[in-house]
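As provided, upload_15.txt (compact mmCIF, C-alpha atoms and all ligand atoms) reads as follows.
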```
# COMPACT_ATOMS: atom_id res chain seq x y z
CA GLN A 1 -91.57 26.89 -1.15
CA THR A 2 -88.36 28.18 -2.66
CA GLY A 3 -86.41 30.77 -0.74
CA PRO A 4 -84.35 33.47 -2.42
CA SER A 5 -81.38 32.02 -4.27
CA ASN A 6 -77.82 33.22 -3.85
CA ALA A 7 -77.03 32.80 -7.49
CA GLN A 8 -78.85 32.18 -10.72
CA ALA A 9 -78.09 29.01 -12.66
CA ALA A 10 -75.75 30.16 -15.38
CA LEU A 11 -76.08 28.41 -18.70
CA GLY A 12 -72.93 27.38 -20.48
CA THR A 13 -72.07 25.13 -23.36
CA PRO A 14 -71.98 21.35 -23.28
CA THR A 15 -68.58 19.89 -22.53
CA GLY A 16 -69.50 16.22 -22.77
CA SER A 17 -69.44 14.29 -25.98
CA ALA A 18 -72.84 13.57 -27.46
CA ALA A 19 -73.97 10.03 -26.85
CA SER A 20 -74.07 8.06 -30.02
CA ARG A 21 -77.75 7.23 -30.27
CA ASN A 22 -79.13 10.40 -28.74
CA ARG A 23 -79.31 13.40 -30.98
CA HIS A 24 -81.18 15.50 -28.47
CA LEU A 25 -78.93 16.42 -25.57
CA PRO A 26 -80.46 19.27 -23.56
CA MET A 27 -79.54 22.64 -24.98
CA GLY A 28 -77.13 24.52 -22.74
CA VAL A 29 -75.56 22.72 -19.84
CA PRO A 30 -76.00 24.46 -16.50
CA ALA A 31 -73.15 25.38 -14.21
CA SER A 32 -73.54 24.50 -10.53
CA LEU A 33 -76.79 25.68 -9.05
CA CYS A 34 -76.07 27.52 -5.82
CA LEU A 35 -79.02 28.07 -3.49
CA HIS A 36 -78.73 29.40 0.06
CA GLY A 37 -74.96 29.00 -0.16
CA HIS A 38 -75.09 25.28 -0.99
CA VAL A 39 -74.78 23.31 -4.19
CA ALA A 40 -78.41 22.41 -4.87
CA PRO A 41 -79.27 19.01 -6.32
CA THR A 42 -79.69 19.27 -10.06
CA ILE A 43 -79.49 15.57 -10.84
CA LEU A 44 -82.54 13.73 -9.61
CA LEU A 45 -82.28 9.97 -9.92
CA VAL A 46 -85.96 9.44 -9.24
CA GLY A 47 -86.23 5.64 -9.35
CA ALA A 48 -87.70 3.24 -9.94
CA GLN A 49 -87.31 1.57 -6.59
CA LYS A 50 -85.53 -1.81 -6.67
CA CYS A 51 -84.28 -1.23 -10.21
CA GLY A 52 -80.56 -0.75 -9.50
CA SER A 53 -80.76 2.89 -8.41
CA SER A 54 -78.21 2.48 -5.57
CA SER A 55 -75.68 0.95 -7.90
CA LEU A 56 -76.26 3.60 -10.54
CA TRP A 57 -76.05 6.38 -7.93
CA PHE A 58 -72.74 4.97 -6.67
CA ASP A 59 -71.37 4.88 -10.21
CA LEU A 60 -72.51 8.42 -10.95
CA VAL A 61 -70.88 9.89 -7.84
CA THR A 62 -67.65 7.99 -8.33
CA GLN A 63 -67.35 8.03 -12.11
CA VAL A 64 -68.86 11.21 -13.52
CA GLU A 65 -66.90 14.44 -13.32
CA GLY A 66 -68.34 17.11 -11.04
CA THR A 67 -70.99 15.02 -9.29
CA LEU A 68 -71.58 15.44 -5.56
CA LYS A 69 -73.44 13.44 -2.97
CA ALA A 70 -75.14 14.79 0.14
CA ARG A 71 -73.22 15.09 3.40
CA PRO A 72 -74.07 12.61 6.13
CA THR A 73 -76.66 14.07 8.52
CA PRO A 74 -75.97 13.50 12.23
CA GLY A 75 -78.60 11.20 13.68
CA LEU A 76 -79.72 9.88 10.31
CA GLU A 77 -78.56 6.62 8.75
CA PRO A 78 -75.47 7.80 6.82
CA GLY A 79 -75.36 5.28 3.98
CA TYR A 80 -79.03 5.97 3.24
CA PHE A 81 -79.40 9.75 3.47
CA VAL A 82 -76.30 10.57 1.44
CA LYS A 83 -78.12 8.90 -1.42
CA GLU A 84 -81.79 9.68 -0.73
CA GLN A 85 -82.95 12.99 0.68
CA HIS A 86 -86.70 12.22 0.76
CA PHE A 87 -87.37 15.93 0.58
CA PHE A 88 -90.22 16.05 -1.91
CA ASP A 89 -91.97 12.88 -0.76
CA GLN A 90 -91.92 13.46 3.01
CA ASP A 91 -94.16 16.34 4.00
CA GLU A 92 -92.33 17.12 7.24
CA ARG A 93 -89.07 17.56 5.31
CA PHE A 94 -90.68 19.38 2.40
CA ARG A 95 -92.35 21.89 4.74
CA GLN A 96 -88.90 23.00 5.90
CA GLY A 97 -88.24 24.47 2.47
CA MET A 98 -85.39 24.57 -0.02
CA ALA A 99 -82.91 26.06 2.47
CA PHE A 100 -83.30 22.91 4.57
CA TYR A 101 -83.02 20.67 1.48
CA VAL A 102 -79.84 22.17 0.12
CA SER A 103 -78.23 22.45 3.58
CA HIS A 104 -77.48 18.72 3.28
CA TYR A 105 -75.13 19.37 0.36
CA PRO A 106 -71.64 20.94 0.32
CA THR A 107 -71.32 24.71 0.33
CA CYS A 108 -70.68 26.59 -2.92
CA THR A 109 -67.16 27.67 -3.66
CA ARG A 110 -66.52 30.81 -5.68
CA GLY A 111 -64.70 30.07 -8.92
CA ALA A 112 -64.97 26.28 -8.47
CA ARG A 113 -65.57 24.02 -11.45
CA ALA A 114 -69.16 23.06 -12.16
CA ARG A 115 -70.54 20.67 -9.57
CA TYR A 116 -73.77 18.72 -9.77
CA ALA A 117 -75.36 17.46 -6.59
CA ILE A 118 -77.41 14.27 -6.79
CA ASP A 119 -80.54 13.27 -4.90
CA ALA A 120 -81.42 9.65 -5.68
CA THR A 121 -84.77 9.17 -3.91
CA PRO A 122 -86.80 6.46 -5.68
CA GLU A 123 -90.11 7.65 -4.21
CA TYR A 124 -89.95 10.74 -6.45
CA LEU A 125 -91.00 8.57 -9.37
CA TYR A 126 -93.47 6.47 -7.47
CA PHE A 127 -95.51 9.07 -5.57
CA PRO A 128 -98.01 11.09 -7.63
CA GLY A 129 -97.46 14.83 -7.34
CA MET A 130 -93.67 14.75 -6.99
CA ALA A 131 -92.88 16.19 -10.43
CA ALA A 132 -95.23 19.11 -9.75
CA ARG A 133 -93.52 19.80 -6.42
CA VAL A 134 -90.08 19.76 -8.00
CA HIS A 135 -91.32 22.02 -10.77
CA ALA A 136 -92.63 24.56 -8.26
CA ALA A 137 -89.60 24.38 -5.97
CA TYR A 138 -87.10 24.98 -8.79
CA ILE A 139 -88.83 28.02 -10.22
CA GLY A 140 -86.24 30.11 -12.04
CA HIS A 141 -83.83 27.14 -12.14
CA ARG A 142 -85.79 24.42 -13.86
CA ARG A 143 -83.53 24.21 -16.87
CA ALA A 144 -80.69 23.18 -14.57
CA LEU A 145 -82.42 19.91 -13.69
CA ARG A 146 -81.56 16.51 -15.14
CA VAL A 147 -83.94 13.71 -14.22
CA ILE A 148 -82.80 10.10 -14.53
CA VAL A 149 -85.10 7.06 -14.44
CA ILE A 150 -83.94 3.45 -14.40
CA VAL A 151 -86.43 0.71 -15.20
CA ARG A 152 -86.22 -3.05 -14.87
CA ASN A 153 -88.24 -6.07 -15.80
CA PRO A 154 -91.19 -5.36 -13.46
CA THR A 155 -91.55 -9.02 -12.47
CA ASP A 156 -87.97 -9.11 -11.16
CA ARG A 157 -88.68 -5.83 -9.41
CA VAL A 158 -91.48 -7.50 -7.43
CA LEU A 159 -89.07 -10.22 -6.30
CA SER A 160 -86.61 -7.59 -5.17
CA TRP A 161 -89.39 -5.60 -3.46
CA TYR A 162 -90.54 -8.68 -1.53
CA GLY A 163 -86.99 -9.34 -0.32
CA HIS A 164 -86.40 -5.78 0.85
CA ILE A 165 -89.43 -3.53 1.34
CA GLY A 166 -91.82 -6.40 1.99
CA ALA A 167 -89.54 -7.98 4.58
CA TRP A 168 -88.99 -4.60 6.21
CA ARG A 169 -92.70 -3.76 6.42
CA GLY A 170 -93.50 -7.30 7.45
CA HIS A 171 -95.16 -9.38 4.76
CA GLY A 172 -96.54 -11.61 7.47
CA ASN A 173 -96.44 -15.30 6.92
CA LEU A 174 -97.02 -15.06 3.19
CA SER A 175 -94.48 -16.91 1.08
CA LEU A 176 -93.29 -15.14 -2.05
CA ASP A 177 -95.70 -17.07 -4.24
CA GLU A 178 -98.65 -16.57 -1.90
CA PHE A 179 -97.77 -12.90 -1.67
CA VAL A 180 -97.91 -12.47 -5.45
CA HIS A 181 -101.05 -14.54 -5.75
CA VAL A 182 -102.91 -12.51 -3.12
CA SER A 183 -101.58 -9.19 -4.48
CA LEU A 184 -102.86 -9.98 -7.99
CA ARG A 185 -106.22 -11.10 -6.65
CA GLU A 186 -106.63 -8.01 -4.48
CA LEU A 187 -105.50 -5.69 -7.24
CA ARG A 188 -108.03 -7.19 -9.64
CA ALA A 189 -110.81 -6.78 -7.09
CA CYS A 190 -109.77 -3.22 -6.30
CA ALA A 191 -109.56 -2.30 -10.00
CA ALA A 192 -113.03 -3.71 -10.64
CA SER A 193 -114.51 -1.82 -7.70
CA HIS A 194 -113.15 1.43 -9.19
CA GLY A 195 -114.34 0.73 -12.73
CA LEU A 196 -110.79 0.00 -13.93
CA THR A 197 -109.07 -3.02 -15.41
CA THR A 198 -105.68 -4.35 -14.33
CA GLU A 199 -104.38 -3.22 -17.74
CA SER A 200 -105.16 0.41 -17.06
CA ASP A 201 -102.39 3.00 -16.56
CA GLU A 202 -104.82 4.76 -14.23
CA LEU A 203 -104.26 2.09 -11.60
CA TRP A 204 -101.05 3.80 -10.56
CA ALA A 205 -102.70 7.02 -9.35
CA SER A 206 -105.89 5.28 -8.20
CA PRO A 207 -106.69 4.15 -4.66
CA CYS A 208 -105.47 0.71 -5.82
CA ARG A 209 -101.89 1.94 -5.98
CA ARG A 210 -101.51 0.81 -2.39
CA LEU A 211 -103.28 -2.30 -1.26
CA HIS A 212 -103.79 -3.06 2.40
CA PRO A 213 -100.85 -4.30 4.48
CA PRO A 214 -98.95 -6.51 3.97
CA LEU A 215 -99.39 -6.08 0.20
CA TYR A 216 -98.80 -2.32 -0.14
CA ASP A 217 -97.45 -1.06 -3.47
CA ALA A 218 -95.46 -4.11 -4.52
CA LEU A 219 -97.17 -4.42 -7.91
CA THR A 220 -98.02 -0.87 -8.91
CA GLY A 221 -94.41 0.34 -8.54
CA GLY A 222 -93.76 -1.52 -11.80
CA LEU A 223 -96.29 0.53 -13.81
CA TYR A 224 -93.60 2.73 -15.29
CA ALA A 225 -95.57 4.43 -18.09
CA PRO A 226 -97.86 6.63 -15.95
CA GLN A 227 -94.98 7.45 -13.59
CA ILE A 228 -92.76 8.67 -16.41
CA ALA A 229 -95.71 10.39 -18.10
CA GLU A 230 -96.16 12.46 -14.94
CA TRP A 231 -92.58 13.80 -15.21
CA LEU A 232 -93.10 14.46 -18.91
CA ARG A 233 -96.11 16.59 -18.03
CA TRP A 234 -93.92 18.95 -16.01
CA PHE A 235 -90.50 18.83 -17.68
CA PRO A 236 -89.30 18.81 -21.27
CA ALA A 237 -88.34 15.34 -22.45
CA SER A 238 -84.81 16.57 -23.17
CA GLN A 239 -84.27 16.90 -19.40
CA LEU A 240 -85.24 13.27 -18.76
CA ALA A 241 -83.02 10.24 -19.27
CA LEU A 242 -84.15 6.63 -19.28
CA VAL A 243 -81.77 3.80 -18.37
CA THR A 244 -82.64 0.13 -18.65
CA PHE A 245 -81.43 -2.16 -15.86
CA GLY A 246 -80.35 -5.00 -18.16
CA GLY A 247 -78.51 -2.57 -20.40
CA TYR A 248 -76.84 -0.90 -17.42
CA ILE A 249 -75.62 -4.21 -16.02
CA LYS A 250 -74.32 -5.42 -19.36
CA ARG A 251 -72.99 -2.15 -20.78
CA THR A 252 -72.11 -0.18 -17.66
CA GLY A 253 -69.25 1.82 -19.16
CA GLU A 254 -71.36 2.89 -22.12
CA VAL A 255 -74.28 3.91 -19.91
CA LEU A 256 -72.03 6.01 -17.67
CA HIS A 257 -70.46 7.63 -20.67
CA ASP A 258 -73.89 8.50 -22.05
CA LEU A 259 -75.15 9.82 -18.71
CA ALA A 260 -72.03 11.95 -18.28
CA ALA A 261 -72.84 13.51 -21.65
CA PHE A 262 -76.46 13.98 -20.59
CA ILE A 263 -75.31 15.79 -17.45
CA GLY A 264 -72.90 17.81 -19.55
CA GLN A 265 -69.69 16.36 -18.18
CA GLY A 266 -67.21 13.65 -19.03
CA ARG A 267 -66.00 10.70 -17.01
CA ARG A 268 -63.88 11.59 -13.95
CA SER A 269 -60.25 11.73 -14.83
CA GLY A 270 -58.42 8.87 -13.15
CA ALA A 271 -61.67 6.93 -12.59
CA PRO A 272 -61.02 3.24 -13.17
CA ALA A 273 -62.53 1.86 -16.34
CA VAL A 274 -65.89 0.24 -15.70
CA HIS A 275 -66.68 -2.76 -17.79
CA ALA A 276 -69.94 -4.56 -18.17
CA ARG A 277 -71.21 -5.92 -14.86
CA ALA A 278 -72.09 -9.55 -14.51
CA GLN A 279 -75.56 -10.22 -13.12
CA ALA A 280 -75.25 -10.98 -9.42
CA GLY A 281 -74.04 -14.54 -8.97
CA ALA A 282 -73.33 -15.11 -12.66
CA SER A 283 -69.57 -14.75 -12.40
CA LYS A 284 -66.79 -14.63 -9.85
CA PRO A 285 -65.72 -11.00 -9.40
CA GLY A 286 -62.22 -10.18 -8.14
CA ALA A 287 -61.65 -8.67 -4.67
CA ARG A 288 -61.70 -5.09 -5.92
CA GLN A 289 -64.84 -5.59 -7.93
CA ARG A 290 -66.48 -7.35 -4.95
CA GLN A 291 -65.69 -4.32 -2.81
CA ARG A 292 -67.19 -1.99 -5.41
CA LEU A 293 -70.30 -4.13 -5.81
CA ALA A 294 -70.73 -4.40 -2.04
CA ALA A 295 -70.68 -0.61 -1.80
CA ALA A 296 -72.98 -0.27 -4.76
CA HIS A 297 -75.47 -2.74 -3.30
CA LYS A 298 -75.46 -1.12 0.11
CA ASN A 299 -79.10 -0.16 -0.08
CA SER A 300 -80.36 -3.43 -1.43
CA TRP A 301 -81.42 -6.54 0.39
CA SER A 302 -81.03 -8.96 -2.40
CA MET A 303 -82.81 -12.31 -2.13
CA GLY A 304 -79.97 -13.84 -4.08
CA GLN A 305 -81.07 -17.08 -5.60
CA ALA A 306 -84.81 -16.87 -4.72
CA VAL A 307 -87.10 -17.66 -7.65
CA PHE A 308 -90.81 -17.58 -8.32
CA ASN A 309 -92.75 -20.71 -8.99
CA VAL A 310 -93.17 -20.92 -12.80
CA THR A 311 -96.93 -20.30 -12.76
CA VAL A 312 -96.57 -17.31 -10.46
CA ARG A 313 -93.90 -15.79 -12.70
CA ALA A 314 -96.15 -16.38 -15.71
CA ALA A 315 -99.09 -14.68 -13.95
CA LEU A 316 -96.99 -11.65 -13.08
CA THR A 317 -95.54 -11.45 -16.58
CA LYS A 318 -99.07 -11.59 -18.01
CA PHE A 319 -100.15 -8.80 -15.67
CA TYR A 320 -97.21 -6.61 -16.68
CA TRP A 321 -97.29 -7.17 -20.48
CA PRO A 322 -99.81 -4.42 -21.26
CA HIS A 323 -97.98 -2.07 -18.89
CA VAL A 324 -94.64 -2.63 -20.58
CA ASP A 325 -96.36 -2.16 -23.94
CA SER A 326 -97.74 1.08 -22.57
CA LEU A 327 -94.22 2.24 -21.65
CA ILE A 328 -92.92 1.46 -25.13
CA ALA A 329 -95.91 3.28 -26.65
CA LEU A 330 -95.26 6.31 -24.43
CA LEU A 331 -91.63 6.44 -25.53
CA HIS A 332 -92.78 6.57 -29.15
CA ARG A 333 -95.20 9.45 -28.55
CA PRO A 334 -94.18 12.99 -29.61
CA VAL A 335 -94.09 14.12 -25.95
CA ALA A 336 -91.16 11.75 -25.34
CA GLU A 337 -89.44 12.34 -28.64
CA HIS A 338 -86.44 14.15 -27.18
CA MET A 339 -86.06 11.97 -24.13
CA PHE A 340 -82.51 10.76 -23.62
CA SER A 341 -82.14 7.00 -23.35
CA THR A 342 -79.30 4.62 -22.76
CA PRO A 343 -78.07 2.13 -23.76
CA PHE A 344 -81.14 1.49 -25.93
CA SER A 345 -82.99 4.07 -27.91
CA PRO A 346 -86.76 3.53 -27.93
CA ALA A 347 -86.97 4.33 -31.62
CA SER A 348 -84.52 1.63 -32.60
CA ALA A 349 -83.94 -1.13 -30.13
CA LEU A 350 -85.87 -0.91 -26.85
CA THR A 351 -88.65 -3.45 -26.97
CA ALA A 352 -91.27 -4.76 -24.57
CA ARG A 353 -89.90 -8.27 -25.05
CA GLY A 354 -86.38 -7.12 -24.11
CA LEU A 355 -87.60 -5.45 -20.93
CA ILE A 356 -89.72 -8.42 -19.93
CA ASP A 357 -87.04 -11.04 -20.46
CA GLY A 358 -84.46 -8.84 -18.74
CA THR A 359 -82.09 -8.56 -21.69
CA MET A 360 -82.68 -4.81 -21.73
N1 LIG A 401 -74.54 -4.84 -10.79
C1 LIG A 401 -75.67 -5.43 -10.44
N2 LIG A 401 -75.92 -6.70 -10.84
C2 LIG A 401 -77.09 -7.29 -10.50
N3 LIG A 401 -78.04 -6.70 -9.75
C3 LIG A 401 -77.82 -5.45 -9.34
C4 LIG A 401 -76.65 -4.74 -9.67
N4 LIG A 401 -76.75 -3.51 -9.11
C5 LIG A 401 -77.94 -3.47 -8.47
N5 LIG A 401 -78.58 -4.62 -8.60
C6 LIG A 401 -79.87 -5.02 -8.04
O1 LIG A 401 -80.77 -3.91 -7.97
C7 LIG A 401 -81.67 -4.14 -6.88
C8 LIG A 401 -81.61 -2.97 -5.92
O2 LIG A 401 -82.19 -1.87 -6.53
P1 LIG A 401 -82.12 -0.43 -5.85
O3 LIG A 401 -80.73 -0.10 -5.52
O4 LIG A 401 -82.85 0.51 -6.78
O5 LIG A 401 -82.93 -0.64 -4.53
S1 LIG A 401 -83.49 0.54 -3.60
O6 LIG A 401 -84.76 0.97 -4.18
O7 LIG A 401 -82.51 1.63 -3.55
O8 LIG A 401 -83.66 -0.10 -2.29
C9 LIG A 401 -81.21 -5.42 -6.21
O9 LIG A 401 -81.96 -6.43 -6.86
P2 LIG A 401 -82.26 -7.87 -6.23
O10 LIG A 401 -80.94 -8.56 -6.04
O11 LIG A 401 -83.11 -8.56 -7.25
O12 LIG A 401 -83.00 -7.63 -4.94
C10 LIG A 401 -79.75 -5.46 -6.60
O13 LIG A 401 -79.16 -6.73 -6.49
```
Transcribe the structure of this file into structure tokens.
Amino acid sequence: QTGPSNAQAALGTPTGSAASRNRHLPMGVPASLCLHGHVAPTILLVGAQKCGSSSLWFDLVTQVEGTLKARPTPGLEPGYFVKEQHFFDQDERFRQGMAFYVSHYPTCTRGARARYAIDATPEYLYFPGMAARVHAAYIGHRRALRVIVIVRNPTDRVLSWYGHIGAWRGHGNLSLDEFVHVSLRELRACAASHGLTTESDELWASPCRRLHPPLYDALTGGLYAPQIAEWLRWFPASQLALVTFGGYIKRTGEVLHDLAAFIGQGRRSGAPAVHARAQAGASKPGARQRQRLAAAHKNSWSMGQAVFNVTVRAALTKFYWPHVDSLIALLHRPVAEHMFSTPFSPASALTARGLIDGTM
């Protein structure tokens, strides 16, 4: 799928400071990757969907030195496609090849400082087969890639999904609680009919990953372990970074500092200091912060104050417990040993309890 490149990715030395808890920054930080005359995306913020990826993308392109977003494409929704290219997950775009993909990014400039284009398409994590496609497409340039994953309490993710994707695809007349109830019931039935249990990681790549409309993939998007494992099958752990939503909200400046180091850069000079973000609605932000948050939330249709009925939340939490345990177990396996994580390191502080109660 990859056409001939105009330049090879040159490997230099890291310029960013090493993040405190991560001893394993990728060896050799790539300069800009120039393909077909354009700066090719080397930072893939692959999801998960509804886990704060728009906010994190906005912070990366405004705060981290050298980062670039895509150019608006005429005829396509500008606020959406500058963030998400949907190249690897949409066959009709993928078939057009790498020259088409990179044409959405600025042209390369001889002698310019290193620039890192970002594609923040959350479906890259969710769809099976994406990591393999990226691996094949970046042949000869794989070491230039940095893959970032942000995860969130999966129960809160379902609420967010219902308010955005569910509303968009039409969740019929099902209330939030009915929607969860029916999704759990259908998922259980589907798992049983395929010889699986609802605790199994295999659910994600099974036919049960998508239930019939209007349920779709609301629940299985939160099975993070198999999704991350798929990327770890194709890329060295040192090229993957894991961010926790709760940690990002509470320790935004620290997370951006760490990710800048992961990318091999520092914070943009002159970028305003970013302090911890309050959870939406928990504080009264000033006008400037409101403007920043509005931009950062552009791609989210937050349900604001909506809450689950207590029993429904408990049922979802029960469903997700083994899956969060599975994520923590994966992060402790040798294959993930050199994975970059911020602001919590799996070996020390990241716990299933913290992810479930949203403090991480
Ligand atoms: N700073 C801050 N504080 C609190 N909440 C935040 C913040 N940044 C993003 N978010 C929440 O993240 C949810 C949107 O996630 P995504 O941007 O990944 O959505 S999307 O997949 O790109 O559509 C969406 O969650 P819900 O409000 O629960 O729907 C956003 O509100």
Spatial sel., origin (-77.6, 19.8, -8.5), limit 10 Å, only C-alpha atoms, listed as a PyMOL selection string: chain A and resi 30-35+38-44+66-69+102+105+114-119+144-146
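Distances to ligand LIG 401 (chain A) were evaluated for A:Arg233, A:Arg353, A:Lys250, A:Arg95 using all atoms listed in the file, and the minimum falls at A:Lys250.
Between atom CA of A:Asn153 and atom CA of A:Asp325 the separation is 12.1 Å.
The residue that comes closest to A:Ala136, out of A:Phe88, A:Leu196, A:Ser55, A:Ser345 and on the basis of only C-alpha atoms, is A:Phe88.
For the pair atom CA of A:Ala241 and atom CA of A:Pro343, the separation is 10.5 Å.
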Could you give me, as an mmCIF file with C-alpha atoms, keeping the file's coordinate frame, the residues within 12 Å of A:Pro346, counting all atoms listed in the file and dropping anything in the same chain fewer than 4 positions from it?
```cif
data_model
loop_
_atom_site.group_PDB
_atom_site.id
_atom_site.type_symbol
_atom_site.label_atom_id
_atom_site.label_comp_id
_atom_site.auth_asym_id
_atom_site.auth_seq_id
_atom_site.Cartn_x
_atom_site.Cartn_y
_atom_site.Cartn_z
ATOM 1 C CA ARG A 21 -77.750 7.230 -30.270
ATOM 2 C CA ASN A 22 -79.130 10.400 -28.740
ATOM 3 C CA ALA A 241 -83.020 10.240 -19.270
ATOM 4 C CA LEU A 242 -84.150 6.630 -19.280
ATOM 5 C CA VAL A 243 -81.770 3.800 -18.370
ATOM 6 C CA THR A 244 -82.640 0.130 -18.650
ATOM 7 C CA ASP A 325 -96.360 -2.160 -23.940
ATOM 8 C CA LEU A 327 -94.220 2.240 -21.650
ATOM 9 C CA ILE A 328 -92.920 1.460 -25.130
ATOM 10 C CA ALA A 329 -95.910 3.280 -26.650
ATOM 11 C CA LEU A 330 -95.260 6.310 -24.430
ATOM 12 C CA LEU A 331 -91.630 6.440 -25.530
ATOM 13 C CA HIS A 332 -92.780 6.570 -29.150
ATOM 14 C CA ARG A 333 -95.200 9.450 -28.550
ATOM 15 C CA ALA A 336 -91.160 11.750 -25.340
ATOM 16 C CA GLU A 337 -89.440 12.340 -28.640
ATOM 17 C CA HIS A 338 -86.440 14.150 -27.180
ATOM 18 C CA MET A 339 -86.060 11.970 -24.130
ATOM 19 C CA PHE A 340 -82.510 10.760 -23.620
ATOM 20 C CA SER A 341 -82.140 7.000 -23.350
ATOM 21 C CA THR A 342 -79.300 4.620 -22.760
ATOM 22 C CA LEU A 350 -85.870 -0.910 -26.850
ATOM 23 C CA THR A 351 -88.650 -3.450 -26.970
ATOM 24 C CA ALA A 352 -91.270 -4.760 -24.570
ATOM 25 C CA GLY A 354 -86.380 -7.120 -24.110
ATOM 26 C CA LEU A 355 -87.600 -5.450 -20.930
ATOM 27 C CA MET A 360 -82.680 -4.810 -21.730
#
```
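The two atoms in question, atom CA of A:Gly37 and atom CA of A:Ala112, are spaced 13.3 Å apart.
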Contacts of A:Lys50 within 7 Å, all atoms listed in the file, excl. fewer than 6 positions in-chain, as number ranges by chain: A: 157, 160-161
Convert the current residue selection to file output with C-alpha atoms, as an mmCIF file, in the coordinates of the input.
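Below you can see selection.cif, which holds the result:
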```cif
data_model
loop_
_atom_site.group_PDB
_atom_site.id
_atom_site.type_symbol
_atom_site.label_atom_id
_atom_site.label_comp_id
_atom_site.auth_asym_id
_atom_site.auth_seq_id
_atom_site.Cartn_x
_atom_site.Cartn_y
_atom_site.Cartn_z
ATOM 1 C CA ARG A 157 -88.680 -5.830 -9.410
ATOM 2 C CA SER A 160 -86.610 -7.590 -5.170
ATOM 3 C CA TRP A 161 -89.390 -5.600 -3.460
#
```
Give me the residues within 12 Å of A:Val64 as an MDAnalysis selection string, counting only C-alpha atoms and dropping any in the same chain fewer than 3 places off. chainID A and resid 16 43 56:61 67:69 114:118 253 255:274
Based on the selection just made, write C-alpha atoms of those residues as a tab-separated table (two decimals), in the coordinates of the input.
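File again16.tsv, as written:
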```tsv
chain	number	residue	atom	x	y	z
A	16	GLY	CA	-69.50	16.22	-22.77
A	43	ILE	CA	-79.49	15.57	-10.84
A	56	LEU	CA	-76.26	3.60	-10.54
A	57	TRP	CA	-76.05	6.38	-7.93
A	58	PHE	CA	-72.74	4.97	-6.67
A	59	ASP	CA	-71.37	4.88	-10.21
A	60	LEU	CA	-72.51	8.42	-10.95
A	61	VAL	CA	-70.88	9.89	-7.84
A	67	THR	CA	-70.99	15.02	-9.29
A	68	LEU	CA	-71.58	15.44	-5.56
A	69	LYS	CA	-73.44	13.44	-2.97
A	114	ALA	CA	-69.16	23.06	-12.16
A	115	ARG	CA	-70.54	20.67	-9.57
A	116	TYR	CA	-73.77	18.72	-9.77
A	117	ALA	CA	-75.36	17.46	-6.59
A	118	ILE	CA	-77.41	14.27	-6.79
A	253	GLY	CA	-69.25	1.82	-19.16
A	255	VAL	CA	-74.28	3.91	-19.91
A	256	LEU	CA	-72.03	6.01	-17.67
A	257	HIS	CA	-70.46	7.63	-20.67
A	258	ASP	CA	-73.89	8.50	-22.05
A	259	LEU	CA	-75.15	9.82	-18.71
A	260	ALA	CA	-72.03	11.95	-18.28
A	261	ALA	CA	-72.84	13.51	-21.65
A	262	PHE	CA	-76.46	13.98	-20.59
A	263	ILE	CA	-75.31	15.79	-17.45
A	264	GLY	CA	-72.90	17.81	-19.55
A	265	GLN	CA	-69.69	16.36	-18.18
A	266	GLY	CA	-67.21	13.65	-19.03
A	267	ARG	CA	-66.00	10.70	-17.01
A	268	ARG	CA	-63.88	11.59	-13.95
A	269	SER	CA	-60.25	11.73	-14.83
A	270	GLY	CA	-58.42	8.87	-13.15
A	271	ALA	CA	-61.67	6.93	-12.59
A	272	PRO	CA	-61.02	3.24	-13.17
A	273	ALA	CA	-62.53	1.86	-16.34
A	274	VAL	CA	-65.89	0.24	-15.70
```
Anything within 12 Å of (-100.7, 0.7, -4.4): list those residues as a PyMOL selection string, counting only C-alpha atoms and sticking to the file's coordinates. chain A and resi 126-128+183-184+186-188+190-191+202-223
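Of the residues listed (A:Ser200, A:His141, A:Val82, A:Leu240), A:Ser200 shows the shortest atom-to-atom separation from A:Ala225; distances use all atoms listed in the file.
Distance check against ligand LIG 401 (chain A) using only C-alpha atoms and all ligand atoms: of A:His194, A:Arg133, A:Arg251, A:His181, the minimum falls on A:Arg251.
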Given all atoms listed in the file as the basis, pick out the residue of A:Asp357, A:Asp201, A:Glu254, A:Glu84 nearest to ligand LIG 401 (chain A). A:Glu84
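Closest approach to A:Phe179 from the set A:Gly111, A:Phe81, A:Asn309, A:His36 is made by A:Asn309, with distances taken over all atoms listed in the file.
By chain and then residue number, the residues within 10 Å of A:Glu199 are A:Arg188, A:Ala191, A:Leu223, A:Lys318, A:Phe319, A:Tyr320, A:Trp321, A:Pro322, A:His323, A:Ser326, counting all atoms listed in the file and disregarding those fewer than 6 positions away in sequence.
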My structure is short of atoms at stretch 33-37 of chain A; please model N, CA and C atoms there, returning them as an mmCIF file, in the frame of the given file.
```cif
data_model
loop_
_atom_site.group_PDB
_atom_site.id
_atom_site.type_symbol
_atom_site.label_atom_id
_atom_site.label_comp_id
_atom_site.auth_asym_id
_atom_site.auth_seq_id
_atom_site.Cartn_x
_atom_site.Cartn_y
_atom_site.Cartn_z
ATOM 1 N N LEU A 33 -75.693 24.854 -9.545
ATOM 2 C CA LEU A 33 -76.790 25.680 -9.050
ATOM 3 C C LEU A 33 -76.543 25.919 -7.566
ATOM 4 N N CYS A 34 -76.352 27.191 -7.216
ATOM 5 C CA CYS A 34 -76.070 27.520 -5.820
ATOM 6 C C CYS A 34 -77.309 28.160 -5.202
ATOM 7 N N LEU A 35 -77.853 27.522 -4.186
ATOM 8 C CA LEU A 35 -79.020 28.070 -3.490
ATOM 9 C C LEU A 35 -78.697 28.122 -1.994
ATOM 10 N N HIS A 36 -78.977 29.255 -1.384
ATOM 11 C CA HIS A 36 -78.730 29.400 0.060
ATOM 12 C C HIS A 36 -77.305 29.017 0.436
ATOM 13 N N GLY A 37 -76.373 29.261 -0.477
ATOM 14 C CA GLY A 37 -74.960 29.000 -0.160
ATOM 15 C C GLY A 37 -74.533 27.552 -0.337
#
```
